[in-house]
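K.L.:
Coordinates in work.tsv, TSV, N, CA and C atoms and all ligand atoms, are listed below.
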```tsv
chain	number	residue	atom	x	y	z
B	1	MET	N	132.09	-25.10	40.22
B	1	MET	CA	131.49	-25.21	41.55
B	1	MET	C	130.71	-23.93	41.84
B	2	THR	N	129.54	-24.13	42.38
B	2	THR	CA	128.68	-23.00	42.76
B	2	THR	C	128.39	-23.10	44.25
B	3	GLU	N	128.40	-21.97	44.93
B	3	GLU	CA	128.05	-21.97	46.35
B	3	GLU	C	126.66	-21.41	46.53
B	4	TYR	N	125.93	-22.03	47.44
B	4	TYR	CA	124.57	-21.59	47.75
B	4	TYR	C	124.48	-21.25	49.23
B	5	THR	N	123.52	-20.39	49.53
B	5	THR	CA	123.26	-20.02	50.92
B	5	THR	C	122.23	-20.96	51.51
B	6	VAL	N	122.58	-21.56	52.64
B	6	VAL	CA	121.66	-22.46	53.35
B	6	VAL	C	121.31	-21.79	54.67
B	7	GLU	N	120.03	-21.48	54.83
B	7	GLU	CA	119.53	-20.85	56.06
B	7	GLU	C	118.80	-21.89	56.88
B	8	PHE	N	119.16	-21.97	58.17
B	8	PHE	CA	118.49	-22.89	59.09
B	8	PHE	C	117.41	-22.09	59.81
B	9	VAL	N	116.19	-22.30	59.37
B	9	VAL	CA	115.06	-21.54	59.90
B	9	VAL	C	114.89	-21.87	61.38
B	10	GLY	N	114.72	-20.82	62.16
B	10	GLY	CA	114.48	-21.00	63.59
B	10	GLY	C	115.73	-20.89	64.44
B	11	THR	N	116.91	-20.98	63.81
B	11	THR	CA	118.15	-20.89	64.59
B	11	THR	C	118.94	-19.62	64.27
B	12	GLY	N	118.65	-19.00	63.15
B	12	GLY	CA	119.39	-17.82	62.73
B	12	GLY	C	120.72	-18.14	62.08
B	13	GLU	N	121.02	-19.44	61.92
B	13	GLU	CA	122.29	-19.83	61.33
B	13	GLU	C	122.19	-19.86	59.81
B	14	THR	N	123.22	-19.35	59.15
B	14	THR	CA	123.30	-19.36	57.70
B	14	THR	C	124.72	-19.71	57.31
B	15	ILE	N	124.85	-20.63	56.36
B	15	ILE	CA	126.17	-21.00	55.87
B	15	ILE	C	126.17	-21.05	54.36
B	16	GLU	N	127.35	-20.99	53.79
B	16	GLU	CA	127.53	-21.17	52.35
B	16	GLU	C	127.95	-22.62	52.12
B	17	VAL	N	127.29	-23.27	51.18
B	17	VAL	CA	127.57	-24.68	50.90
B	17	VAL	C	127.78	-24.85	49.40
B	18	ALA	N	128.90	-25.42	49.02
B	18	ALA	CA	129.17	-25.68	47.60
B	18	ALA	C	128.26	-26.80	47.09
B	19	ASP	N	127.95	-26.75	45.81
B	19	ASP	CA	127.09	-27.80	45.24
B	19	ASP	C	127.80	-29.15	45.18
B	20	THR	N	129.09	-29.17	45.50
B	20	THR	CA	129.84	-30.42	45.55
B	20	THR	C	129.98	-30.96	46.97
B	21	GLN	N	129.40	-30.25	47.94
B	21	GLN	CA	129.59	-30.57	49.35
B	21	GLN	C	128.24	-30.95	49.97
B	22	THR	N	128.27	-31.88	50.92
B	22	THR	CA	127.02	-32.17	51.62
B	22	THR	C	126.75	-31.07	52.66
B	23	ILE	N	125.48	-30.90	52.94
B	23	ILE	CA	125.09	-29.90	53.94
B	23	ILE	C	125.68	-30.28	55.30
B	24	LEU	N	125.71	-31.57	55.62
B	24	LEU	CA	126.26	-32.00	56.90
B	24	LEU	C	127.74	-31.64	57.01
B	25	ASN	N	128.52	-31.90	55.98
B	25	ASN	CA	129.94	-31.55	56.05
B	25	ASN	C	130.14	-30.05	56.23
B	26	ALA	N	129.33	-29.26	55.55
B	26	ALA	CA	129.44	-27.81	55.71
B	26	ALA	C	129.08	-27.40	57.14
B	27	CYS	N	128.07	-28.06	57.72
B	27	CYS	CA	127.70	-27.76	59.11
B	27	CYS	C	128.85	-28.08	60.05
B	28	LEU	N	129.45	-29.25	59.86
B	28	LEU	CA	130.54	-29.65	60.75
B	28	LEU	C	131.72	-28.69	60.64
B	29	GLU	N	132.02	-28.26	59.43
B	29	GLU	CA	133.11	-27.29	59.24
B	29	GLU	C	132.80	-25.96	59.90
B	30	ALA	N	131.52	-25.59	59.90
B	30	ALA	CA	131.11	-24.30	60.46
B	30	ALA	C	130.83	-24.36	61.95
B	31	GLY	N	130.91	-25.56	62.54
B	31	GLY	CA	130.66	-25.69	63.97
B	31	GLY	C	129.19	-25.70	64.33
B	32	ILE	N	128.33	-26.02	63.36
B	32	ILE	CA	126.90	-26.10	63.61
B	32	ILE	C	126.56	-27.50	64.08
B	33	ALA	N	125.78	-27.60	65.13
B	33	ALA	CA	125.48	-28.88	65.77
B	33	ALA	C	124.37	-29.63	65.04
B	34	GLN	N	124.63	-30.04	63.83
B	34	GLN	CA	123.68	-30.85	63.06
B	34	GLN	C	123.79	-32.30	63.53
B	35	GLU	N	122.67	-32.89	63.89
B	35	GLU	CA	122.68	-34.29	64.32
B	35	GLU	C	122.99	-35.20	63.15
B	36	TYR	N	123.64	-36.31	63.42
B	36	TYR	CA	123.88	-37.34	62.41
B	36	TYR	C	124.28	-38.62	63.12
B	37	SER	N	124.27	-39.71	62.36
B	37	SER	CA	124.72	-40.98	62.90
B	37	SER	C	125.42	-41.78	61.81
B	38	CYS	N	124.66	-42.36	60.88
B	38	CYS	CA	125.27	-43.31	59.93
B	38	CYS	C	126.11	-42.64	58.85
B	39	ARG	N	125.74	-41.47	58.43
B	39	ARG	CA	126.40	-40.70	57.36
B	39	ARG	C	126.36	-41.41	56.01
B	40	VAL	N	125.44	-42.35	55.84
B	40	VAL	CA	125.31	-43.02	54.55
B	40	VAL	C	123.87	-43.01	54.04
B	41	GLY	N	123.03	-42.12	54.58
B	41	GLY	CA	121.69	-41.96	54.03
B	41	GLY	C	120.68	-43.01	54.44
B	42	MET	N	120.90	-43.67	55.56
B	42	MET	CA	119.99	-44.75	55.95
B	42	MET	C	119.23	-44.48	57.25
B	43	CYS	N	119.81	-43.80	58.22
B	43	CYS	CA	119.20	-43.75	59.56
B	43	CYS	C	118.22	-42.59	59.74
B	44	LEU	N	118.31	-41.57	58.94
B	44	LEU	CA	117.47	-40.37	58.99
B	44	LEU	C	117.75	-39.44	60.17
B	45	ALA	N	118.80	-39.72	60.94
B	45	ALA	CA	119.11	-38.86	62.09
B	45	ALA	C	119.40	-37.42	61.66
B	46	CYS	N	119.86	-37.24	60.45
B	46	CYS	CA	120.29	-35.92	59.98
B	46	CYS	C	119.21	-35.21	59.18
B	47	SER	N	117.99	-35.69	59.26
B	47	SER	CA	116.90	-35.17	58.43
B	47	SER	C	116.60	-33.70	58.72
B	48	ALA	N	116.21	-33.01	57.66
B	48	ALA	CA	115.75	-31.62	57.77
B	48	ALA	C	114.61	-31.43	56.78
B	49	GLU	N	113.65	-30.60	57.16
B	49	GLU	CA	112.56	-30.29	56.23
B	49	GLU	C	112.99	-29.15	55.32
B	50	ILE	N	112.71	-29.31	54.04
B	50	ILE	CA	113.03	-28.27	53.05
B	50	ILE	C	111.84	-27.33	52.92
B	51	LEU	N	112.03	-26.08	53.29
B	51	LEU	CA	110.94	-25.10	53.15
B	51	LEU	C	111.04	-24.40	51.80
B	52	GLU	N	112.27	-24.13	51.35
B	52	GLU	CA	112.48	-23.49	50.05
B	52	GLU	C	113.76	-24.04	49.45
B	53	GLY	N	113.74	-24.26	48.14
B	53	GLY	CA	114.95	-24.64	47.43
B	53	GLY	C	114.97	-26.11	47.07
B	54	ASP	N	116.06	-26.48	46.42
B	54	ASP	CA	116.21	-27.85	45.91
B	54	ASP	C	117.57	-28.41	46.31
B	55	VAL	N	117.58	-29.74	46.51
B	55	VAL	CA	118.82	-30.46	46.76
B	55	VAL	C	118.88	-31.65	45.81
B	56	THR	N	120.09	-32.18	45.64
B	56	THR	CA	120.23	-33.48	45.00
B	56	THR	C	120.71	-34.44	46.07
B	57	GLN	N	120.06	-35.61	46.14
B	57	GLN	CA	120.41	-36.59	47.17
B	57	GLN	C	120.08	-37.99	46.67
B	58	PRO	N	120.67	-38.38	45.55
B	58	PRO	CA	120.32	-39.68	44.98
B	58	PRO	C	120.66	-40.86	45.88
B	59	ALA	N	121.57	-40.67	46.82
B	59	ALA	CA	121.95	-41.79	47.69
B	59	ALA	C	121.20	-41.78	49.02
B	60	ALA	N	120.18	-40.95	49.13
B	60	ALA	CA	119.40	-40.88	50.37
B	60	ALA	C	118.39	-42.02	50.38
B	61	ARG	N	118.86	-43.21	50.65
B	61	ARG	CA	118.01	-44.40	50.55
B	61	ARG	C	116.97	-44.49	51.63
B	62	GLY	N	117.13	-43.73	52.71
B	62	GLY	CA	116.16	-43.77	53.79
B	62	GLY	C	114.87	-43.02	53.50
B	63	LEU	N	114.82	-42.30	52.38
B	63	LEU	CA	113.62	-41.53	52.02
B	63	LEU	C	112.94	-42.13	50.81
B	64	SER	N	111.60	-42.07	50.79
B	64	SER	CA	110.86	-42.42	49.58
B	64	SER	C	111.03	-41.28	48.58
B	65	ASP	N	110.65	-41.52	47.34
B	65	ASP	CA	110.75	-40.47	46.32
B	65	ASP	C	109.93	-39.25	46.71
B	66	GLU	N	108.72	-39.49	47.27
B	66	GLU	CA	107.87	-38.37	47.67
B	66	GLU	C	108.49	-37.60	48.82
B	67	GLU	N	109.04	-38.32	49.81
B	67	GLU	CA	109.65	-37.66	50.96
B	67	GLU	C	110.88	-36.84	50.55
B	68	ALA	N	111.58	-37.30	49.53
B	68	ALA	CA	112.80	-36.62	49.12
B	68	ALA	C	112.52	-35.24	48.51
B	69	ASP	N	111.25	-34.97	48.16
B	69	ASP	CA	110.91	-33.63	47.68
B	69	ASP	C	110.85	-32.63	48.83
B	70	ASP	N	110.50	-33.11	50.03
B	70	ASP	CA	110.25	-32.21	51.15
B	70	ASP	C	111.27	-32.33	52.28
B	71	TYR	N	112.09	-33.37	52.23
B	71	TYR	CA	113.06	-33.58	53.31
B	71	TYR	C	114.44	-33.84	52.72
B	72	ALA	N	115.45	-33.36	53.42
B	72	ALA	CA	116.83	-33.59	53.02
B	72	ALA	C	117.52	-34.43	54.07
B	73	LEU	N	118.23	-35.45	53.63
B	73	LEU	CA	119.17	-36.13	54.53
B	73	LEU	C	120.48	-35.40	54.35
B	74	THR	N	120.82	-34.59	55.35
B	74	THR	CA	121.92	-33.65	55.16
B	74	THR	C	123.27	-34.33	54.97
B	75	CYS	N	123.38	-35.60	55.35
B	75	CYS	CA	124.64	-36.31	55.12
B	75	CYS	C	124.83	-36.66	53.65
B	76	MET	N	123.75	-36.61	52.88
B	76	MET	CA	123.79	-36.96	51.47
B	76	MET	C	123.45	-35.77	50.57
B	77	ALA	N	122.68	-34.82	51.08
B	77	ALA	CA	122.11	-33.76	50.26
B	77	ALA	C	123.12	-32.68	49.93
B	78	ARG	N	123.14	-32.34	48.65
B	78	ARG	CA	123.96	-31.23	48.15
B	78	ARG	C	123.02	-30.18	47.57
B	79	PRO	N	123.25	-28.90	47.88
B	79	PRO	CA	122.32	-27.87	47.41
B	79	PRO	C	122.37	-27.69	45.90
B	80	GLN	N	121.20	-27.40	45.35
B	80	GLN	CA	121.09	-27.06	43.93
B	80	GLN	C	120.53	-25.65	43.77
B	81	SER	N	120.29	-24.99	44.89
B	81	SER	CA	119.80	-23.61	44.92
B	81	SER	C	120.01	-23.12	46.35
B	82	ASP	N	119.74	-21.83	46.58
B	82	ASP	CA	119.69	-21.38	47.97
B	82	ASP	C	118.59	-22.16	48.68
B	83	LEU	N	118.78	-22.40	49.97
B	83	LEU	CA	117.85	-23.25	50.72
B	83	LEU	C	117.41	-22.59	52.01
B	84	LYS	N	116.18	-22.91	52.40
B	84	LYS	CA	115.70	-22.66	53.76
B	84	LYS	C	115.25	-24.01	54.28
B	85	ILE	N	115.89	-24.47	55.35
B	85	ILE	CA	115.56	-25.79	55.89
B	85	ILE	C	115.40	-25.70	57.40
B	86	VAL	N	114.71	-26.69	57.95
B	86	VAL	CA	114.51	-26.77	59.40
B	86	VAL	C	115.14	-28.07	59.87
B	87	ARG	N	116.17	-27.97	60.68
B	87	ARG	CA	116.85	-29.16	61.18
B	87	ARG	C	115.96	-29.91	62.15
B	88	GLY	N	116.17	-31.22	62.24
B	88	GLY	CA	115.46	-32.03	63.23
B	88	GLY	C	114.01	-32.31	62.90
B	89	ARG	N	113.64	-32.16	61.67
B	89	ARG	CA	112.28	-32.53	61.24
B	89	ARG	C	112.39	-33.78	60.38
B	90	TYR	N	111.46	-34.71	60.63
B	90	TYR	CA	111.55	-36.03	60.02
B	90	TYR	C	110.33	-36.32	59.17
B	91	PRO	N	110.49	-37.14	58.13
B	91	PRO	CA	109.34	-37.45	57.26
B	91	PRO	C	108.27	-38.21	58.01
B	92	PRO	N	107.02	-38.09	57.54
B	92	PRO	CA	105.89	-38.74	58.24
B	92	PRO	C	106.10	-40.23	58.44
B	93	SER	N	106.79	-40.90	57.54
B	93	SER	CA	106.96	-42.35	57.68
B	93	SER	C	107.77	-42.71	58.93
B	94	LEU	N	108.48	-41.75	59.49
B	94	LEU	CA	109.28	-42.01	60.69
B	94	LEU	C	108.54	-41.66	61.97
B	95	GLU	N	107.44	-40.93	61.83
B	95	GLU	CA	106.68	-40.54	63.01
B	95	GLU	C	106.03	-41.77	63.62
B	96	SER	N	105.66	-41.66	64.89
B	96	SER	CA	105.01	-42.77	65.59
B	96	SER	C	103.68	-43.09	64.94
B	97	PRO	N	103.36	-44.37	64.81
B	97	PRO	CA	102.05	-44.71	64.29
B	97	PRO	C	100.96	-44.26	65.25
B	98	GLU	N	99.77	-44.07	64.71
B	98	GLU	CA	98.66	-43.68	65.56
B	98	GLU	C	98.39	-44.76	66.60
B	99	GLU	N	97.73	-44.34	67.70
B	99	GLU	CA	97.36	-45.31	68.72
B	99	GLU	C	96.53	-46.41	68.07
B	100	PRO	N	96.80	-47.65	68.41
B	100	PRO	CA	96.01	-48.72	67.81
B	100	PRO	C	94.56	-48.62	68.24
B	101	THR	N	93.67	-48.91	67.32
B	101	THR	CA	92.26	-48.94	67.67
B	101	THR	C	91.93	-50.34	68.13
B	102	GLY	N	90.93	-50.48	68.92
B	102	GLY	CA	90.51	-51.80	69.37
B	102	GLY	C	91.47	-52.38	70.39
B	103	ALA	N	92.13	-51.52	71.17
B	103	ALA	CA	93.06	-52.01	72.17
B	103	ALA	C	92.31	-52.87	73.20
B	104	ALA	N	93.01	-53.82	73.74
B	104	ALA	CA	92.39	-54.72	74.72
B	104	ALA	C	91.92	-53.91	75.92
B	105	PRO	N	90.74	-54.22	76.48
B	105	PRO	CA	90.26	-53.50	77.67
B	105	PRO	C	91.16	-53.80	78.86
B	106	ALA	N	91.17	-52.86	79.79
B	106	ALA	CA	91.97	-53.04	81.01
B	106	ALA	C	91.49	-54.28	81.75
B	107	ALA	N	92.42	-54.95	82.37
B	107	ALA	CA	92.08	-56.15	83.12
B	107	ALA	C	91.20	-55.80	84.32
B	108	ASP	N	90.26	-56.64	84.60
B	108	ASP	CA	89.35	-56.45	85.74
B	108	ASP	C	89.96	-57.14	86.96
B	109	ASP	N	90.14	-56.41	88.04
B	109	ASP	CA	90.80	-56.96	89.22
B	109	ASP	C	89.86	-57.70	90.16
B	110	ASP	N	88.63	-57.96	89.79
B	110	ASP	CA	87.69	-58.62	90.70
B	110	ASP	C	88.03	-60.04	90.99
B	201	LIG	S1	123.32	-39.57	59.26
B	201	LIG	FE1	122.10	-41.31	58.84
B	201	LIG	S2	120.87	-40.67	57.18
B	201	LIG	FE2	122.20	-39.00	57.48
```
Take the structure from the file and write it as structure tokens.
P.N.:
Amino acid sequence: MTEYTVEFVGTGETIEVADTQTILNACLEAGIAQEYSCRVGMCLACSAEILEGDVTQPAARGLSDEEADDYALTCMARPQSDLKIVRGRYPPSLESPEEPTGAAPAADDD
């Protein structure tokens, strides 16, 4: 077992997380208020952006392969190196779609 340092950028929080432990479990043990819901890699509530480092998260089914390079589902992700991550950041596929073009004109009250 190897322990890695996980730094939460913007909060000043840093914890040690074993490579056998999920980041979310380490947060809960340390009293860090990491958001979560399903805890099975589907809802993305626990998402964090990876600024530096690597994780393994083969069961993170809510992420595409491309998204899994830049985002960690902390309920599934185990560190493979020291990490710098930003909690509460979500992959682009979860962001709101752009305003629809060609929206219907406002009704005329005449
Ligand atoms: S808590 Fe749902 S994906 Fe992590």
K.L.:
Show me which residues sit within 5 Å of ligand LIG 201 (chain B) when counting only N, CA and C atoms and all ligand atoms, and put them as a ChimeraX atom specification.
P.N.:
/B:36-46,75
K.L.:
Name the residues in contact with stretch 5-13 of chain B at a cut-off of 6.5 Å, using all atoms listed in the file, excluding same-chain residues fewer than 6 positions from it; report them as a ChimeraX atom specification.
P.N.:
/B:81-87
K.L.:
Could you tell me how far atom CA of B:Asp70 lies from atom N of B:Gln21, in Å and to one decimal?
P.N.:
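Those two atoms sit 19.5 Å apart.
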K.L.:
Enter the distance from atom N of B:Ala18 to atom C of B:Thr74, in Å, rounded to one decimal.
P.N.:
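Spanning atom N of B:Ala18 to atom C of B:Thr74 is a straight-line distance of 12.1 Å.
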K.L.:
Residues of stretch 25-108 of chain B classed as alpha helix (DSSP H) by DSSP on the backbone are to be reported as a CSV table (one decimal) with N, CA and C atoms, in the frame of the given file.
P.N.:
```csv
chain,number,residue,atom,x,y,z
B,25,ASN,N,128.5,-31.9,56.0
B,25,ASN,CA,129.9,-31.6,56.0
B,25,ASN,C,130.1,-30.0,56.2
B,26,ALA,N,129.3,-29.3,55.6
B,26,ALA,CA,129.4,-27.8,55.7
B,26,ALA,C,129.1,-27.4,57.1
B,27,CYS,N,128.1,-28.1,57.7
B,27,CYS,CA,127.7,-27.8,59.1
B,27,CYS,C,128.8,-28.1,60.0
B,28,LEU,N,129.4,-29.2,59.9
B,28,LEU,CA,130.5,-29.6,60.8
B,28,LEU,C,131.7,-28.7,60.6
B,29,GLU,N,132.0,-28.3,59.4
B,29,GLU,CA,133.1,-27.3,59.2
B,29,GLU,C,132.8,-26.0,59.9
B,30,ALA,N,131.5,-25.6,59.9
B,30,ALA,CA,131.1,-24.3,60.5
B,30,ALA,C,130.8,-24.4,62.0
B,67,GLU,N,109.0,-38.3,49.8
B,67,GLU,CA,109.6,-37.7,51.0
B,67,GLU,C,110.9,-36.8,50.6
B,68,ALA,N,111.6,-37.3,49.5
B,68,ALA,CA,112.8,-36.6,49.1
B,68,ALA,C,112.5,-35.2,48.5
B,69,ASP,N,111.2,-35.0,48.2
B,69,ASP,CA,110.9,-33.6,47.7
B,69,ASP,C,110.8,-32.6,48.8
B,70,ASP,N,110.5,-33.1,50.0
B,70,ASP,CA,110.2,-32.2,51.2
B,70,ASP,C,111.3,-32.3,52.3
```
K.L.:
Among chain B, which residues carry a DSSP assignment of strand (DSSP E), reported as a PyMOL selection string?
P.N.:
chain B and resi 3-8+13-18+47-52+55-56+71-73+78-79+83-87
K.L.:
Within 6.5 Å of B:Thr2, counting all atoms listed in the file, which residues show up once you throw out same-chain ones fewer than 6 positions away? Write them as a VMD selection string, please.
P.N.:
chain B and resid 17 to 20
K.L.:
May I ask which of the residues B:Ile15, B:Tyr4, B:Gly31, B:Ser93 is the closest one to B:Asp54, counting only C-alpha atoms?
P.N.:
B:Tyr4
